[in-house]
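Listing of structure_20.cif; format and content: mmCIF, C-alpha atoms.
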```
data_target
#
loop_
_atom_site.label_atom_id
_atom_site.label_comp_id
_atom_site.auth_asym_id
_atom_site.auth_seq_id
_atom_site.Cartn_x
_atom_site.Cartn_y
_atom_site.Cartn_z
CA MET G 534 -14.36 -25.58 -11.75
CA SER G 535 -11.91 -28.39 -12.61
CA ASN G 536 -8.56 -28.84 -10.89
CA LYS G 537 -6.86 -27.64 -14.08
CA GLN G 538 -8.91 -24.43 -14.05
CA LYS G 539 -8.22 -23.92 -10.33
CA SER G 540 -4.46 -24.13 -10.94
CA VAL G 541 -4.52 -21.30 -13.50
CA GLY G 542 -4.57 -18.59 -10.85
CA TRP G 543 -1.97 -20.30 -8.68
CA ASP G 544 0.33 -20.83 -11.68
CA ASP G 545 -0.08 -17.16 -12.60
CA PHE G 546 0.88 -16.09 -9.06
CA THR G 547 3.91 -18.39 -8.76
CA SER G 548 5.08 -17.52 -12.29
CA ALA G 549 5.02 -13.84 -11.34
CA LEU G 550 7.15 -14.57 -8.26
CA LYS G 551 9.62 -16.53 -10.40
CA SER G 552 9.74 -13.62 -12.83
CA PHE G 553 10.25 -11.02 -10.14
CA HIS G 554 13.32 -9.70 -11.96
CA VAL G 555 10.90 -8.59 -14.69
CA VAL G 556 8.77 -6.84 -12.06
CA LYS G 557 11.81 -4.93 -10.78
CA VAL G 558 12.88 -3.90 -14.27
CA MET G 559 9.40 -2.71 -15.24
CA GLY G 560 8.83 -0.90 -11.93
CA GLY G 561 12.23 0.78 -12.13
CA GLN G 562 11.51 1.82 -15.70
CA ASP G 563 8.26 3.43 -14.59
CA ILE G 564 10.21 5.54 -12.09
CA ARG G 565 12.80 6.55 -14.68
CA MET G 566 10.17 7.49 -17.26
CA ARG G 567 8.17 9.52 -14.75
CA TYR G 568 11.20 11.61 -13.75
CA LYS G 569 13.01 11.64 -17.08
CA ARG G 570 15.34 14.68 -17.36
CA SER G 571 14.61 15.68 -13.78
CA LYS G 572 17.77 16.20 -11.74
CA MET G 573 16.06 15.52 -8.40
CA GLY G 574 13.98 12.61 -9.71
CA PRO G 575 11.67 10.94 -7.17
CA PHE G 576 13.23 13.03 -4.39
CA TRP G 577 10.77 15.74 -5.42
CA ILE G 578 8.12 13.53 -3.80
CA THR G 579 10.30 13.27 -0.70
CA ILE G 580 10.64 17.05 -0.52
CA SER G 581 6.88 17.50 -0.94
CA MET G 582 6.26 14.87 1.74
CA ALA G 583 8.67 16.58 4.15
CA VAL G 584 6.95 19.94 3.66
CA MET G 585 3.51 18.38 4.17
CA ILE G 586 4.62 16.52 7.33
CA THR G 587 6.13 19.68 8.82
CA THR G 588 3.05 21.77 8.05
CA MET G 589 0.50 19.18 9.21
CA GLY G 590 2.59 18.35 12.28
CA LEU G 591 2.52 21.94 13.47
CA VAL G 592 -1.13 22.57 12.58
CA PHE G 593 -2.71 19.32 13.77
CA GLY G 594 -0.36 19.04 16.74
CA ASN G 595 -1.74 22.33 18.06
CA LEU G 596 -5.28 21.52 16.94
CA PHE G 597 -5.36 18.20 18.80
CA LYS G 598 -3.40 19.61 21.76
CA THR G 599 -0.86 16.81 21.34
CA ASN G 600 2.81 16.80 22.31
CA VAL G 601 4.66 17.56 19.05
CA LYS G 602 7.54 15.24 20.04
CA GLU G 603 5.08 12.37 20.25
CA PHE G 604 2.79 13.39 17.38
CA LEU G 605 5.35 14.27 14.68
CA PRO G 606 6.98 10.79 14.37
CA TYR G 607 3.49 9.22 14.51
CA LEU G 608 2.23 11.52 11.75
CA THR G 609 5.36 11.00 9.63
CA LEU G 610 5.07 7.21 9.56
CA GLY G 611 1.30 7.39 9.14
CA LEU G 612 1.46 9.65 6.08
CA ILE G 613 4.36 7.77 4.46
CA THR G 614 2.68 4.38 4.91
CA TRP G 615 -0.72 5.70 3.85
CA THR G 616 0.81 7.29 0.72
CA PHE G 617 2.32 3.91 -0.17
CA ILE G 618 -1.06 2.19 0.27
CA LEU G 619 -3.08 4.87 -1.54
CA SER G 620 -0.68 5.18 -4.48
CA SER G 621 -0.57 1.40 -4.87
CA ILE G 622 -4.37 1.11 -4.86
CA SER G 623 -4.99 4.12 -7.14
CA GLU G 624 -2.46 2.90 -9.72
CA GLY G 625 -3.35 -0.75 -9.13
CA CYS G 626 -6.96 -0.18 -10.18
CA ASP G 627 -5.70 0.61 -13.69
CA ALA G 628 -2.77 -1.84 -13.64
CA LEU G 629 -4.29 -4.16 -16.24
CA ILE G 630 -5.82 -1.37 -18.33
CA SER G 631 -2.51 0.49 -18.62
CA SER G 632 -0.76 -2.76 -19.58
CA GLU G 633 -3.15 -3.49 -22.44
CA GLY G 634 -0.40 -3.76 -25.06
CA ILE G 635 1.65 -6.27 -23.05
CA ILE G 636 -1.40 -8.35 -22.08
CA LYS G 637 -2.55 -8.69 -25.69
CA GLN G 638 0.87 -9.44 -27.14
CA LEU G 639 2.93 -11.31 -24.54
CA PRO G 640 2.14 -14.27 -22.22
CA VAL G 641 3.09 -12.33 -19.06
CA PRO G 642 1.40 -13.40 -15.78
CA LEU G 643 -1.31 -10.94 -14.73
CA HIS G 644 0.21 -10.70 -11.24
CA VAL G 645 3.34 -9.16 -12.80
CA HIS G 646 1.39 -6.00 -13.66
CA VAL G 647 0.11 -5.71 -10.09
CA MET G 648 3.51 -6.43 -8.51
CA ARG G 649 5.03 -3.87 -10.87
CA VAL G 650 2.82 -1.17 -9.31
CA ILE G 651 3.69 -2.28 -5.77
CA TRP G 652 7.43 -2.38 -6.53
CA LYS G 653 7.34 1.11 -8.05
CA ASN G 654 5.58 2.52 -4.99
CA PHE G 655 7.90 0.58 -2.69
CA LEU G 656 10.85 2.43 -4.24
CA ILE G 657 9.05 5.73 -3.59
CA PHE G 658 8.33 4.54 -0.04
CA LEU G 659 12.07 4.02 0.47
CA HIS G 660 12.71 7.57 -0.71
CA ASN G 661 10.10 8.95 1.69
CA ILE G 662 11.15 6.90 4.73
CA VAL G 663 14.46 8.80 4.65
CA ILE G 664 12.52 11.65 6.29
CA PHE G 665 11.89 9.61 9.46
CA PRO G 666 15.47 9.62 10.87
CA PHE G 667 15.54 13.43 10.55
CA VAL G 668 12.23 13.64 12.41
CA LEU G 669 13.67 11.49 15.20
CA LEU G 670 16.66 13.80 15.42
CA ALA G 671 14.36 16.82 15.55
CA VAL G 672 12.32 15.38 18.45
CA GLN G 673 15.42 13.83 20.10
CA LYS G 674 14.24 10.23 20.00
CA SER G 675 16.03 7.03 18.99
CA LEU G 676 15.10 3.68 17.50
CA SER G 677 14.76 0.53 19.61
CA TRP G 678 14.98 -3.20 18.90
CA THR G 679 11.27 -3.22 17.99
CA VAL G 680 12.22 -1.72 14.61
CA LEU G 681 12.90 -5.30 13.46
CA LEU G 682 9.20 -6.11 13.89
CA SER G 683 8.39 -3.64 11.10
CA ILE G 684 9.86 -6.10 8.57
CA PRO G 685 7.25 -8.90 9.01
CA GLY G 686 4.64 -6.15 9.38
CA PHE G 687 5.59 -4.64 6.03
CA ILE G 688 5.63 -8.08 4.39
CA LEU G 689 2.06 -8.68 5.60
CA LEU G 690 1.09 -5.26 4.23
CA VAL G 691 2.57 -6.06 0.80
CA ILE G 692 0.91 -9.50 0.65
CA ASN G 693 -2.46 -7.94 1.43
CA LEU G 694 -1.91 -5.19 -1.12
CA THR G 695 -1.06 -7.81 -3.75
CA TRP G 696 -4.37 -9.63 -3.51
CA MET G 697 -6.34 -6.39 -3.12
CA LEU G 698 -4.80 -4.93 -6.28
CA MET G 699 -5.29 -8.17 -8.21
CA VAL G 700 -9.00 -8.19 -7.38
CA LEU G 701 -9.48 -4.46 -7.94
CA SER G 702 -7.55 -4.42 -11.22
CA MET G 703 -9.79 -7.14 -12.70
CA ILE G 704 -12.98 -5.47 -11.46
CA CYS G 705 -11.87 -2.07 -12.77
CA ALA G 706 -10.88 -3.61 -16.12
CA ARG G 707 -14.41 -4.98 -16.46
CA PHE G 708 -16.22 -1.98 -15.00
CA ARG G 709 -14.32 1.23 -15.76
CA ASP G 710 -16.31 3.41 -13.35
CA MET G 711 -15.10 1.34 -10.39
CA THR G 712 -11.78 3.22 -10.26
CA GLN G 713 -13.53 6.47 -9.32
CA ILE G 714 -15.73 4.66 -6.81
CA VAL G 715 -12.69 3.07 -5.14
CA MET G 716 -10.89 6.40 -4.92
CA SER G 717 -13.95 8.04 -3.37
CA ILE G 718 -14.12 5.25 -0.78
CA MET G 719 -10.40 5.68 -0.02
CA GLN G 720 -10.96 9.38 0.73
CA VAL G 721 -13.54 8.42 3.35
CA ILE G 722 -11.31 5.67 4.79
CA PHE G 723 -8.45 8.18 5.16
CA TYR G 724 -10.43 10.16 7.73
CA LEU G 725 -11.64 7.00 9.48
CA THR G 726 -8.09 5.66 9.81
CA PRO G 727 -5.67 7.07 12.44
CA VAL G 728 -3.19 8.54 9.99
CA ILE G 729 -3.27 12.21 11.01
CA TRP G 730 -4.93 11.60 14.38
CA MET G 731 -4.10 9.28 17.28
CA PRO G 732 -6.48 6.56 18.58
CA LYS G 733 -6.15 7.85 22.14
CA LEU G 734 -8.03 10.98 21.06
CA LEU G 735 -11.23 8.92 20.74
CA SER G 736 -13.42 9.76 23.69
CA HIS G 737 -16.06 7.05 23.24
CA SER G 738 -15.25 3.38 23.77
CA SER G 739 -17.64 2.42 20.97
CA ALA G 740 -15.55 4.43 18.49
CA ALA G 741 -12.41 2.59 19.60
CA VAL G 742 -14.20 -0.74 19.09
CA LEU G 743 -15.28 0.27 15.58
CA LEU G 744 -11.67 1.25 14.83
CA ASN G 745 -10.65 -2.39 15.29
CA PHE G 746 -12.87 -3.29 12.32
CA ASN G 747 -10.78 -1.06 10.03
CA PRO G 748 -8.30 -3.41 8.29
CA LEU G 749 -6.06 -0.57 7.10
CA TYR G 750 -5.61 0.56 10.70
CA HIS G 751 -4.09 -2.82 11.56
CA LEU G 752 -1.91 -2.92 8.44
CA ILE G 753 -0.51 0.56 9.09
CA ASP G 754 -0.02 -0.21 12.78
CA LEU G 755 2.14 -3.25 11.96
CA VAL G 756 4.60 -0.96 10.18
CA ARG G 757 4.31 2.17 12.32
CA SER G 758 4.29 0.86 15.90
CA PRO G 759 7.67 -0.98 15.73
CA LEU G 760 9.37 2.11 14.32
CA LEU G 761 7.92 4.13 17.19
CA GLY G 762 9.38 1.70 19.73
CA GLU G 763 6.13 -0.15 20.41
CA VAL G 764 5.13 -3.77 19.89
CA PRO G 765 2.05 -4.04 17.62
CA MET G 766 -1.09 -5.60 19.01
CA THR G 767 -1.34 -9.37 18.64
CA SER G 768 -4.80 -8.90 17.15
CA SER G 769 -3.27 -6.82 14.34
CA TYR G 770 -0.96 -9.69 13.37
CA ILE G 771 -3.84 -12.18 13.48
CA ILE G 772 -6.17 -9.99 11.42
CA ALA G 773 -3.46 -9.20 8.84
CA ALA G 774 -2.47 -12.89 8.53
CA VAL G 775 -6.07 -14.07 8.14
CA MET G 776 -6.70 -11.34 5.56
CA ALA G 777 -3.60 -12.40 3.64
CA ILE G 778 -4.55 -16.09 3.53
CA VAL G 779 -8.23 -15.59 2.73
CA GLY G 780 -7.53 -12.72 0.33
CA LEU G 781 -4.88 -14.60 -1.63
CA ALA G 782 -7.15 -17.63 -1.91
CA PHE G 783 -9.96 -15.42 -3.22
CA SER G 784 -7.79 -13.47 -5.69
CA ILE G 785 -6.18 -16.65 -7.04
CA SER G 786 -9.62 -18.20 -7.48
CA MET G 787 -10.80 -15.04 -9.24
CA THR G 788 -7.74 -15.06 -11.49
CA SER G 789 -8.43 -18.70 -12.40
CA LYS G 790 -11.95 -17.81 -13.45
CA PHE G 791 -11.35 -14.57 -15.34
CA LYS G 792 -7.71 -14.59 -16.51
CA TYR G 793 -8.54 -15.42 -20.13
CA ARG G 794 -11.29 -12.80 -20.25
CA VAL G 795 -9.00 -9.95 -19.23
CA PRO G 796 -7.56 -9.40 -22.77
CA TYR G 797 -11.11 -8.76 -24.01
CA TRP G 798 -11.86 -6.38 -21.12
CA VAL G 799 -8.83 -4.17 -21.53
#
```
Final structure tokens representation of the file:
Amino acid sequence: MSNKQKSVGWDDFTSALKSFHVVKVMGGQDIRMRYKRSKMGPFWITISMAVMITTMGLVFGNLFKTNVKEFLPYLTLGLITWTFILSSISEGCDALISSEGIIKQLPVPLHVHVMRVIWKNFLIFLHNIVIFPFVLLAVQKSLSWTVLLSIPGFILLVINLTWMLMVLSMICARFRDMTQIVMSIMQVIFYLTPVIWMPKLLSHSSAAVLLNFNPLYHLIDLVRSPLLGEVPMTSSYIIAAVMAIVGLAFSISMTSKFKYRVPYWV
């Protein structure tokens, strides 16, 4: 691959960042179209999330014999962050396919379509995170200075989601059955990731070791732990940073190689 070919993916990525205002407009439009003529709009998702958190908190709290005051905030942040990740991946798989008209008619960077999905789900994430302060009030807990650490943690999560969605969207555009395969894998990963259960419930040390090989565990922990008043593990920052660097390099390389084939795939 020549240097000119190698720069195609990088130029696509940087052009998308420079055109981020387009990403925000398109993502916001997706939200408006989805909840057109609805008085509550995306807050319906927030209401549904609040009901699910309350129900699961009571059921699983008793099932796992866990202190509700400790488990409910943990569950709340786990479900909200997981929903952001899952929604981004499920919609990201079809990001290029659903943007067929734009791809074939306008010279818009491919990364714009992926960032559009992430921005849309980020707005929904902001609606859902409103639940967390009410949960803290319910369990009589307060935030600490560690909440600031959730910002770099969330940035690392978004960077990793960007390259994951870029890779998956191209693969799913070429092989349409991949979307269903990815979603099936995500269902399995949900139960393997401490979203609705706490790592301390693992009785075998080997299971705890295997948990460290789950990348989504580290990405969620970088957002959740600071909001719970804990400092994330150093290993989580290292793993997330390495994933971001290696993943971006791979997705940019993949974009360089297949960008001009995408219009024929979609």
Residues within 7 Å of His660 (chain G), all atoms listed in the file, excluding chain neighbours under 4 positions, as a PDB file with C-alpha atoms, keeping the file's coordinate frame:
```
ATOM      1  CA  PHE G 576      13.230  13.030  -4.390  1.00  0.00           C
ATOM      2  CA  THR G 579      10.300  13.270  -0.700  1.00  0.00           C
ATOM      3  CA  LEU G 656      10.850   2.430  -4.240  1.00  0.00           C
TER       4      LEU G 656
END
```
Quiz item: Expressed in Å to a single decimal, how great is the separation between CA of Ser683 (chain G) and CA of Gln720 (chain G)?
Solution: 25.5 Å
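Across the model, the gap from CA of Gly611 (chain G) to CA of Met582 (chain G) is 11.6 Å.
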Quiz item: If you count all atoms listed in the file, which residues fall within 8 Å of Gly594 (chain G), apart from same-chain ones fewer than 5 positions away, as a PyMOL selection string?
Solution: chain G and resi 589+599-601+604-605
For the selection you just gave me, I'd like the residues written to a file as a tab-separated table (two decimals), keeping the file's coordinate frame, keeping C-alpha atoms.
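Result file is part.tsv:
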```
chain	number	residue	atom	x	y	z
G	589	MET	CA	0.50	19.18	9.21
G	599	THR	CA	-0.86	16.81	21.34
G	600	ASN	CA	2.81	16.80	22.31
G	601	VAL	CA	4.66	17.56	19.05
G	604	PHE	CA	2.79	13.39	17.38
G	605	LEU	CA	5.35	14.27	14.68
```
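If you look at CA of Val556 (chain G) and CA of Trp652 (chain G), they are 7.2 Å away from each other.
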Practice problem: Could you tell me which residues the PyMOL selection byres ((chain G and resi 786-790) around 12) returns for this structure, as a VMD selection string? | Solution: chain G and resid 534 to 546 642 to 644 696 to 704 779 to 785 791 to 795
Self-check item: Picked residues, the PyMOL selection byres ((chain G and resi 606) around 12), expected as number ranges by chain
Solution: G: 583, 586-587, 589-590, 594, 600-605, 607-613, 662, 664-676, 728-731, 757-762
Give me a file of those residues, with C-alpha atoms, as an mmCIF file, in the frame of the given file.
```cif
data_model
loop_
_atom_site.group_PDB
_atom_site.id
_atom_site.type_symbol
_atom_site.label_atom_id
_atom_site.label_comp_id
_atom_site.auth_asym_id
_atom_site.auth_seq_id
_atom_site.Cartn_x
_atom_site.Cartn_y
_atom_site.Cartn_z
ATOM 1 C CA ALA G 583 8.670 16.580 4.150
ATOM 2 C CA ILE G 586 4.620 16.520 7.330
ATOM 3 C CA THR G 587 6.130 19.680 8.820
ATOM 4 C CA MET G 589 0.500 19.180 9.210
ATOM 5 C CA GLY G 590 2.590 18.350 12.280
ATOM 6 C CA GLY G 594 -0.360 19.040 16.740
ATOM 7 C CA ASN G 600 2.810 16.800 22.310
ATOM 8 C CA VAL G 601 4.660 17.560 19.050
ATOM 9 C CA LYS G 602 7.540 15.240 20.040
ATOM 10 C CA GLU G 603 5.080 12.370 20.250
ATOM 11 C CA PHE G 604 2.790 13.390 17.380
ATOM 12 C CA LEU G 605 5.350 14.270 14.680
ATOM 13 C CA TYR G 607 3.490 9.220 14.510
ATOM 14 C CA LEU G 608 2.230 11.520 11.750
ATOM 15 C CA THR G 609 5.360 11.000 9.630
ATOM 16 C CA LEU G 610 5.070 7.210 9.560
ATOM 17 C CA GLY G 611 1.300 7.390 9.140
ATOM 18 C CA LEU G 612 1.460 9.650 6.080
ATOM 19 C CA ILE G 613 4.360 7.770 4.460
ATOM 20 C CA ILE G 662 11.150 6.900 4.730
ATOM 21 C CA ILE G 664 12.520 11.650 6.290
ATOM 22 C CA PHE G 665 11.890 9.610 9.460
ATOM 23 C CA PRO G 666 15.470 9.620 10.870
ATOM 24 C CA PHE G 667 15.540 13.430 10.550
ATOM 25 C CA VAL G 668 12.230 13.640 12.410
ATOM 26 C CA LEU G 669 13.670 11.490 15.200
ATOM 27 C CA LEU G 670 16.660 13.800 15.420
ATOM 28 C CA ALA G 671 14.360 16.820 15.550
ATOM 29 C CA VAL G 672 12.320 15.380 18.450
ATOM 30 C CA GLN G 673 15.420 13.830 20.100
ATOM 31 C CA LYS G 674 14.240 10.230 20.000
ATOM 32 C CA SER G 675 16.030 7.030 18.990
ATOM 33 C CA LEU G 676 15.100 3.680 17.500
ATOM 34 C CA VAL G 728 -3.190 8.540 9.990
ATOM 35 C CA ILE G 729 -3.270 12.210 11.010
ATOM 36 C CA TRP G 730 -4.930 11.600 14.380
ATOM 37 C CA MET G 731 -4.100 9.280 17.280
ATOM 38 C CA ARG G 757 4.310 2.170 12.320
ATOM 39 C CA SER G 758 4.290 0.860 15.900
ATOM 40 C CA PRO G 759 7.670 -0.980 15.730
ATOM 41 C CA LEU G 760 9.370 2.110 14.320
ATOM 42 C CA LEU G 761 7.920 4.130 17.190
ATOM 43 C CA GLY G 762 9.380 1.700 19.730
#
```
Just so the selection is clear, what residues does the PyMOL selection byres ((chain G and resi 750) around 10) cover here, as a JSON list (two decimals) with C-alpha atoms, in the coordinates of the input?
```json
[["chain", "number", "residue", "atom", "x", "y", "z"],
["G", 611, "GLY", "CA", 1.30, 7.39, 9.14],
["G", 615, "TRP", "CA", -0.72, 5.70, 3.85],
["G", 722, "ILE", "CA", -11.31, 5.67, 4.79],
["G", 723, "PHE", "CA", -8.45, 8.18, 5.16],
["G", 725, "LEU", "CA", -11.64, 7.00, 9.48],
["G", 726, "THR", "CA", -8.09, 5.66, 9.81],
["G", 727, "PRO", "CA", -5.67, 7.07, 12.44],
["G", 728, "VAL", "CA", -3.19, 8.54, 9.99],
["G", 732, "PRO", "CA", -6.48, 6.56, 18.58],
["G", 744, "LEU", "CA", -11.67, 1.25, 14.83],
["G", 745, "ASN", "CA", -10.65, -2.39, 15.29],
["G", 746, "PHE", "CA", -12.87, -3.29, 12.32],
["G", 747, "ASN", "CA", -10.78, -1.06, 10.03],
["G", 748, "PRO", "CA", -8.30, -3.41, 8.29],
["G", 749, "LEU", "CA", -6.06, -0.57, 7.10],
["G", 751, "HIS", "CA", -4.09, -2.82, 11.56],
["G", 752, "LEU", "CA", -1.91, -2.92, 8.44],
["G", 753, "ILE", "CA", -0.51, 0.56, 9.09],
["G", 754, "ASP", "CA", -0.02, -0.21, 12.78],
["G", 755, "LEU", "CA", 2.14, -3.25, 11.96],
["G", 769, "SER", "CA", -3.27, -6.82, 14.34]]
```
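With distances restricted to only C-alpha atoms, G:Ile651 is the closest residue to Ile564 (chain G) from G:Ile635, G:Ala628, G:Ile580, G:Ile651.
Each of G:Ile636, G:Val756, G:Ala549, G:Leu734 was checked against Leu690 (chain G) using all atoms listed in the file; the smallest atom-to-atom distance is that of G:Val756.
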